Amino acid sequence: MEKRPAKTEALKLIKQFGSPLFVVYAATIAENIRKYRKAFNSFAGGFSLCYSVKTNSSPGLLSVFRKHKVLAEVCSLTDLTAAFKAGFTGEQIIFDGLVKTEEELQLAIKHDISLINVESLHEAQKLAAVADKLKRKVKVGIRLSSPSSRVGLKSLLGISYDRFGVSRHSGAAKEVAEFILSCKYLQLVGLHCHTGSNQKSARSYLTGIDELVTFAAFLRDEYDVTISVINLGGGFGLPRITAYTVPDLAANAVKHLFGSSVEHEHTPMPFTDMVTTIMNYLQEKLVENKLPLPILMLEPGRSLIGNTCHLLTTIVETKKTDHNNWMIIDAGTNLMPVLTVYSEFHDIVVFSDSRKKQATSLAGPLLYSSDTIVKNRMLTEGQIGDVVMICDVGAYFNCQANQFLYPRAATVLIDQKPRLMQRRETVDDLFNRDII
Ligand SMILES: Cc1ncc(COP(=O)(O)O)c(C=O)c1O
């Protein structure tokens, strides 16, 4: 079972390392990795697990993944640098990303990165030019685009996935494949597809499999190419992180209007059923198309790191207004991306001496209206100085934290015992880049 600090441990950690504080459990990372391997190792073509570095890229965390022989999936120079700092070698890294600069491609090739997934013809041309210049062979995959299936806040805001990868339907993927096959130094070995995040059903994975297998069969028929790596991206959700659907958001808005408390049950996460459905469907489609079994590669982020980390904060102010019981904590949307705060339901624990629960609104310290973390949630009553824990914040929190009004928090890794893994940012750090 994933670990969360109990009251005594939380207070001790805050006393030792200060507040606010990200607390990461190495044992939960190990358990998440084991769960994936146990589920997918039976895939007859072989299974390769990568960690999506951008989800939380602290080198201290990455080195935990490296020790467990998980590969690093990077998508920028920043990610690549973090992976090198954590001790990954080129062969233990794969390179994704919508845009890769010439500088990044050069570095990747010089370090013998094991696979580069390209996302456009222009990028393939750029990669070929760099490989030609360096006279180095590069293993290449093509990322195919896929529409996002989730109807949540993101789709309501018009956020869509279809700029990622190349479309099979428009003929763009064929054009990219033909180009790669014409290049002396590029070797087409893989196909890739990432169909969305926080998935709690296998549906979008099956759409991805249809795309990948159909294209692999086409490449075999047209060009006699064998695809040896099928990468289904990331996307698995976690049991205790629930993405709001559009009806959830509408219901919340009505509750806010009438001042009633907002409660949610977490949507169950049928991990084993999803894995069985995905593996069976993939094998079935490969057999149907008479394709040899490729290595199945996955590059999850959230489901490997999300539940390993919790944010400990301290109540710094309380206020009763006409419509809200406010608890103001010392961590706001500078440490929690606004979109995530408004689109995901996370557990929140107040460590206080009270047993009374009341409808509470929680906000950060920022002089900024969108710094509301939750409105009208039933939480234990807390006083100034009590500790509040926002749970399961390992994915996309610390890596997207910014310095708006306050420096960033420290992170503690709990392995055998707690150790400071990333020191607290100082105000001086914030002005290091300024030239007066
Ligand atoms: C290409 C790619 N791979 C992997 C991931 C990780 O996804 P998740 O955190 O949902 O597992 C992402 C996330 O956006 C992605 O874009």
# chains A, B, ... in the order shown; residues from 1 in each chain; ligands from 1
$ select_by_dssp --residues "range 314-386 of chain A" --states "alpha helix (DSSP H)" --output "PyMOL selection string"
chain A and resi 338-343
$ residues_around --residues "range 286-299 of chain A" --least-positions-apart "4" --cutoff "7 Å" --atoms "only C-alpha atoms" --output "list of chain:residue names"
A:Gly45, A:Gly46, A:Phe47, A:Ser48, A:Leu49, A:Cys50, A:Tyr51, A:Ser52, A:Glu73, A:Val213, A:Ala217, A:Ile227, A:Ser228, A:Val229, A:Ile230, A:Asn231, A:Leu232, A:Gly233, A:Gly234, A:Leu282
$ closest_atom_pairs --of "chain A" --to "ligand 1" --cutoff "7 Å" --atoms "only C-alpha atoms and all ligand atoms" --output "Markdown table"
| residue | atom | partner | partner_atom_place_in_ligand_line | distance |
| --- | --- | --- | --- | --- |
| A:Ser52 | CA | ligand 1 | 4 (C) | 5.3 |
| A:Thr55 | CA | ligand 1 | 9 (O) | 6.0 |
| A:Asp96 | CA | ligand 1 | 1 (C) | 6.1 |
| A:Gly97 | CA | ligand 1 | 1 (C) | 6.5 |
| A:His194 | CA | ligand 1 | 1 (C) | 5.3 |
| A:Gly196 | CA | ligand 1 | 10 (O) | 6.2 |
| A:Ser197 | CA | ligand 1 | 10 (O) | 3.4 |
| A:Asn198 | CA | ligand 1 | 10 (O) | 5.4 |
| A:Gly233 | CA | ligand 1 | 3 (N) | 4.5 |
| A:Gly234 | CA | ligand 1 | 11 (O) | 3.5 |
| A:Gly235 | CA | ligand 1 | 10 (O) | 3.4 |
| A:Phe236 | CA | ligand 1 | 11 (O) | 5.5 |
| A:Gly237 | CA | ligand 1 | 10 (O) | 6.9 |
| A:Glu299 | CA | ligand 1 | 4 (C) | 5.0 |
| A:Pro300 | CA | ligand 1 | 11 (O) | 3.5 |
| A:Gly301 | CA | ligand 1 | 9 (O) | 3.5 |
| A:Arg302 | CA | ligand 1 | 9 (O) | 3.8 |
| A:Ser303 | CA | ligand 1 | 11 (O) | 5.8 |
| A:Ala395 | CA | ligand 1 | 9 (O) | 6.9 |
$ residues_around --residues "Val427 in chain A" --least-positions-apart "6" --cutoff "12 Å" --atoms "only C-alpha atoms" --output "PyMOL selection string"
chain A and resi 403-409
$ write_last_selection --atoms "N, CA and C atoms" --output "PDB file, in the first residue's frame"
ATOM      1  N   GLN A 403       8.052  30.475  -9.161  1.00  0.00           N
ATOM      2  CA  GLN A 403       8.499  31.345  -8.067  1.00  0.00           C
ATOM      3  C   GLN A 403       7.621  32.568  -7.933  1.00  0.00           C
ATOM      4  N   PHE A 404       6.345  32.459  -8.319  1.00  0.00           N
ATOM      5  CA  PHE A 404       5.445  33.601  -8.214  1.00  0.00           C
ATOM      6  C   PHE A 404       5.254  33.948  -6.734  1.00  0.00           C
ATOM      7  N   LEU A 405       5.857  34.999  -6.311  1.00  0.00           N
ATOM      8  CA  LEU A 405       5.774  35.573  -4.952  1.00  0.00           C
ATOM      9  C   LEU A 405       6.530  34.819  -3.863  1.00  0.00           C
ATOM     10  N   TYR A 406       6.761  33.519  -4.048  1.00  0.00           N
ATOM     11  CA  TYR A 406       7.491  32.743  -3.024  1.00  0.00           C
ATOM     12  C   TYR A 406       8.470  31.785  -3.699  1.00  0.00           C
ATOM     13  N   PRO A 407       9.627  31.569  -3.089  1.00  0.00           N
ATOM     14  CA  PRO A 407      10.562  30.569  -3.639  1.00  0.00           C
ATOM     15  C   PRO A 407       9.964  29.163  -3.540  1.00  0.00           C
ATOM     16  N   ARG A 408      10.539  28.256  -4.300  1.00  0.00           N
ATOM     17  CA  ARG A 408       9.983  26.888  -4.347  1.00  0.00           C
ATOM     18  C   ARG A 408      10.368  26.064  -3.113  1.00  0.00           C
ATOM     19  N   ALA A 409       9.576  25.012  -2.880  1.00  0.00           N
ATOM     20  CA  ALA A 409       9.701  24.213  -1.644  1.00  0.00           C
ATOM     21  C   ALA A 409      10.878  23.238  -1.719  1.00  0.00           C
TER      22      ALA A 409
END
$ closest_residue --among "A:Thr360, A:Tyr25, A:Leu107, A:Thr276" --to "Ser261 in chain A" --atoms "only C-alpha atoms"
A:Thr360
$ closest_residue --among "A:Lys85, A:His264, A:Arg4, A:Arg136" --to "Leu249 in chain A" --atoms "only C-alpha atoms"
A:His264
$ atom_distance --atom1 "CA of Tyr185 in chain A" --atom2 "CA of Thr226 in chain A"
17.1 Å
$ select_by_dssp --residues "range 162-398 of chain A" --states "strand (DSSP E or B)" --output "short mmCIF file (atom, residue, chain, number, x, y, z; two decimals) with N, CA and C atoms, in the first residue's frame"
data_model
loop_
_atom_site.label_atom_id
_atom_site.label_comp_id
_atom_site.auth_asym_id
_atom_site.auth_seq_id
_atom_site.Cartn_x
_atom_site.Cartn_y
_atom_site.Cartn_z
N VAL A 166 2.37 12.39 -35.90
CA VAL A 166 1.97 12.60 -37.29
C VAL A 166 0.76 11.75 -37.60
N LEU A 186 19.56 6.63 -40.62
CA LEU A 186 18.39 6.44 -39.77
C LEU A 186 17.82 5.03 -39.96
N GLN A 187 17.50 4.39 -38.84
CA GLN A 187 16.94 3.04 -38.91
C GLN A 187 15.57 3.04 -38.23
N LEU A 188 14.53 2.79 -39.01
CA LEU A 188 13.17 2.83 -38.47
C LEU A 188 12.88 1.53 -37.71
N VAL A 189 12.73 1.65 -36.38
CA VAL A 189 12.51 0.43 -35.58
C VAL A 189 11.22 0.47 -34.77
N GLY A 190 10.67 1.69 -34.54
CA GLY A 190 9.57 1.77 -33.59
C GLY A 190 8.39 2.60 -34.04
N LEU A 191 7.25 2.33 -33.42
CA LEU A 191 6.07 3.18 -33.57
C LEU A 191 5.58 3.54 -32.18
N HIS A 192 5.06 4.75 -32.06
CA HIS A 192 4.75 5.31 -30.75
C HIS A 192 3.41 6.04 -30.79
N GLN A 199 -5.88 8.07 -17.34
CA GLN A 199 -6.90 7.16 -17.91
C GLN A 199 -7.31 6.12 -16.88
N VAL A 229 9.60 -2.29 -31.97
CA VAL A 229 9.18 -1.66 -30.71
C VAL A 229 7.82 -0.97 -30.90
N ILE A 230 6.86 -1.37 -30.09
CA ILE A 230 5.56 -0.67 -30.08
C ILE A 230 5.48 0.04 -28.73
N ASN A 231 5.40 1.37 -28.78
CA ASN A 231 5.38 2.18 -27.55
C ASN A 231 3.99 2.79 -27.37
N PHE A 236 -1.78 5.82 -17.70
CA PHE A 236 -2.53 5.16 -16.62
C PHE A 236 -2.79 6.15 -15.49
N ILE A 241 -6.42 9.77 -7.44
CA ILE A 241 -6.47 11.06 -8.15
C ILE A 241 -7.61 10.93 -9.14
N THR A 242 -8.57 11.83 -9.04
CA THR A 242 -9.72 11.74 -9.95
C THR A 242 -9.81 13.03 -10.76
N ALA A 243 -9.81 12.85 -12.09
CA ALA A 243 -9.97 14.03 -12.96
C ALA A 243 -11.45 14.35 -13.05
N THR A 245 -14.91 15.33 -14.49
CA THR A 245 -15.56 15.33 -15.80
C THR A 245 -16.34 16.64 -15.91
N ILE A 295 8.67 -5.69 -29.05
CA ILE A 295 8.79 -5.34 -27.63
C ILE A 295 7.69 -4.33 -27.32
N LEU A 296 7.00 -4.53 -26.22
CA LEU A 296 6.02 -3.55 -25.80
C LEU A 296 6.72 -2.56 -24.86
N MET A 297 6.70 -1.29 -25.23
CA MET A 297 7.33 -0.27 -24.41
C MET A 297 6.25 0.64 -23.83
N LEU A 298 6.39 1.01 -22.56
CA LEU A 298 5.49 2.00 -21.96
C LEU A 298 6.34 3.08 -21.32
N CYS A 309 4.35 10.89 -3.52
CA CYS A 309 4.74 12.19 -2.98
C CYS A 309 3.54 12.98 -2.44
N HIS A 310 3.75 13.62 -1.30
CA HIS A 310 2.68 14.42 -0.68
C HIS A 310 3.27 15.76 -0.27
N LEU A 311 2.42 16.78 -0.29
CA LEU A 311 2.90 18.12 0.05
C LEU A 311 2.44 18.49 1.45
N LEU A 312 3.41 18.69 2.35
CA LEU A 312 3.09 19.13 3.71
C LEU A 312 3.14 20.64 3.76
N THR A 313 2.09 21.24 4.29
CA THR A 313 2.00 22.70 4.35
C THR A 313 1.56 23.10 5.76
N THR A 314 1.62 24.38 6.05
CA THR A 314 1.24 24.84 7.39
C THR A 314 0.16 25.92 7.28
N ILE A 315 -0.82 25.86 8.17
CA ILE A 315 -1.86 26.90 8.17
C ILE A 315 -1.23 28.19 8.73
N VAL A 316 -1.32 29.26 7.93
CA VAL A 316 -0.71 30.51 8.37
C VAL A 316 -1.75 31.59 8.71
N GLU A 317 -3.01 31.32 8.38
CA GLU A 317 -4.08 32.30 8.62
C GLU A 317 -5.41 31.56 8.57
N THR A 318 -6.37 31.98 9.39
CA THR A 318 -7.75 31.46 9.23
C THR A 318 -8.67 32.67 9.17
N LYS A 319 -9.77 32.54 8.40
CA LYS A 319 -10.70 33.67 8.27
C LYS A 319 -12.10 33.14 8.06
N LYS A 320 -13.07 33.73 8.73
CA LYS A 320 -14.47 33.41 8.48
C LYS A 320 -15.06 34.56 7.69
N ASN A 325 -15.34 29.41 5.28
CA ASN A 325 -14.39 29.25 6.38
C ASN A 325 -13.03 29.04 5.73
N TRP A 326 -12.19 30.04 5.75
CA TRP A 326 -10.91 29.92 5.04
C TRP A 326 -9.81 29.38 5.93
N MET A 327 -9.02 28.49 5.39
CA MET A 327 -7.72 28.17 5.97
C MET A 327 -6.71 28.59 4.90
N ILE A 328 -5.80 29.47 5.28
CA ILE A 328 -4.76 29.90 4.33
C ILE A 328 -3.49 29.13 4.69
N ILE A 329 -2.93 28.43 3.72
CA ILE A 329 -1.71 27.66 3.97
C ILE A 329 -0.52 28.32 3.27
N GLU A 344 -8.47 18.34 -10.91
CA GLU A 344 -8.25 17.03 -10.26
C GLU A 344 -8.71 17.07 -8.81
N PHE A 345 -9.26 15.96 -8.36
CA PHE A 345 -9.67 15.83 -6.96
C PHE A 345 -8.61 15.02 -6.22
N HIS A 346 -7.93 15.68 -5.25
CA HIS A 346 -6.90 15.02 -4.44
C HIS A 346 -7.36 14.96 -2.98
N ILE A 348 -7.12 15.50 0.94
CA ILE A 348 -6.47 16.53 1.78
C ILE A 348 -6.66 16.12 3.24
N VAL A 349 -5.58 16.15 4.02
CA VAL A 349 -5.66 15.75 5.43
C VAL A 349 -5.20 16.92 6.29
N VAL A 350 -6.01 17.27 7.31
CA VAL A 350 -5.61 18.31 8.26
C VAL A 350 -5.16 17.62 9.54
N PHE A 351 -3.91 17.83 9.94
CA PHE A 351 -3.41 17.23 11.18
C PHE A 351 -3.63 18.23 12.32
N LYS A 357 -15.42 18.27 11.81
CA LYS A 357 -15.23 18.56 10.38
C LYS A 357 -16.15 19.70 10.00
N GLN A 358 -15.71 20.53 9.09
CA GLN A 358 -16.60 21.60 8.61
C GLN A 358 -16.28 21.92 7.15
N ALA A 359 -17.26 22.51 6.48
CA ALA A 359 -17.02 22.90 5.08
C ALA A 359 -15.95 24.00 5.09
N THR A 360 -14.85 23.71 4.42
CA THR A 360 -13.68 24.60 4.50
C THR A 360 -13.21 24.96 3.10
N SER A 361 -12.78 26.21 2.95
CA SER A 361 -12.11 26.59 1.70
C SER A 361 -10.64 26.79 2.02
N LEU A 362 -9.82 26.25 1.14
CA LEU A 362 -8.38 26.24 1.37
C LEU A 362 -7.73 27.11 0.30
N ALA A 363 -6.87 28.03 0.74
CA ALA A 363 -6.20 28.88 -0.26
C ALA A 363 -4.72 28.98 0.08
N THR A 372 -7.08 29.74 -5.02
CA THR A 372 -7.99 28.92 -4.21
C THR A 372 -7.71 27.46 -4.54
N ILE A 373 -7.44 26.67 -3.53
CA ILE A 373 -7.06 25.27 -3.78
C ILE A 373 -8.29 24.36 -3.75
N VAL A 374 -9.12 24.50 -2.72
CA VAL A 374 -10.44 23.83 -2.77
C VAL A 374 -11.47 24.76 -2.14
N LYS A 375 -12.72 24.60 -2.59
CA LYS A 375 -13.80 25.40 -1.99
C LYS A 375 -14.79 24.45 -1.35
N ASN A 376 -15.17 24.79 -0.11
CA ASN A 376 -16.25 24.05 0.58
C ASN A 376 -16.04 22.55 0.64
N ARG A 377 -14.85 22.10 0.97
CA ARG A 377 -14.63 20.67 1.21
C ARG A 377 -14.81 20.39 2.69
N MET A 378 -15.35 19.23 3.04
CA MET A 378 -15.48 18.85 4.44
C MET A 378 -14.11 18.44 4.95
N LEU A 379 -13.48 19.31 5.75
CA LEU A 379 -12.14 19.04 6.29
C LEU A 379 -12.18 19.20 7.81
N THR A 380 -11.25 18.52 8.46
CA THR A 380 -11.12 18.68 9.91
C THR A 380 -10.74 20.14 10.21
N VAL A 387 -0.67 21.37 10.53
CA VAL A 387 -0.13 20.94 9.23
C VAL A 387 -1.26 20.39 8.35
N VAL A 388 -1.25 20.77 7.08
CA VAL A 388 -2.24 20.28 6.10
C VAL A 388 -1.46 19.54 5.02
N MET A 389 -1.95 18.34 4.69
CA MET A 389 -1.25 17.54 3.66
C MET A 389 -2.12 17.43 2.40
N ILE A 390 -1.54 17.84 1.27
CA ILE A 390 -2.20 17.62 -0.03
C ILE A 390 -1.59 16.34 -0.56
#
$ atom_distance --atom1 "CA of Ala6 in chain A" --atom2 "CA of Pro365 in chain A"
24.7 Å
$ atom_distance --atom1 "CA of Ala83 in chain A" --atom2 "CA of Leu71 in chain A"
9.6 Å
$ residues_around --residues "Gln125 in chain A" --least-positions-apart "2" --cutoff "12 Å" --atoms "only C-alpha atoms" --output "VMD selection string"
chain A and resid 100 to 102 105 118 to 123 127 to 132 175 to 183 185 to 186
$ residues_around --residues "Asp353 in chain A" --least-positions-apart "4" --cutoff "12 Å" --atoms "only C-alpha atoms" --output "list in words"
Lys7, Lys357, Thr380, Glu381, Gly382, Gln383, Ile384, Gly385, Asp386 and Val387 of chain A
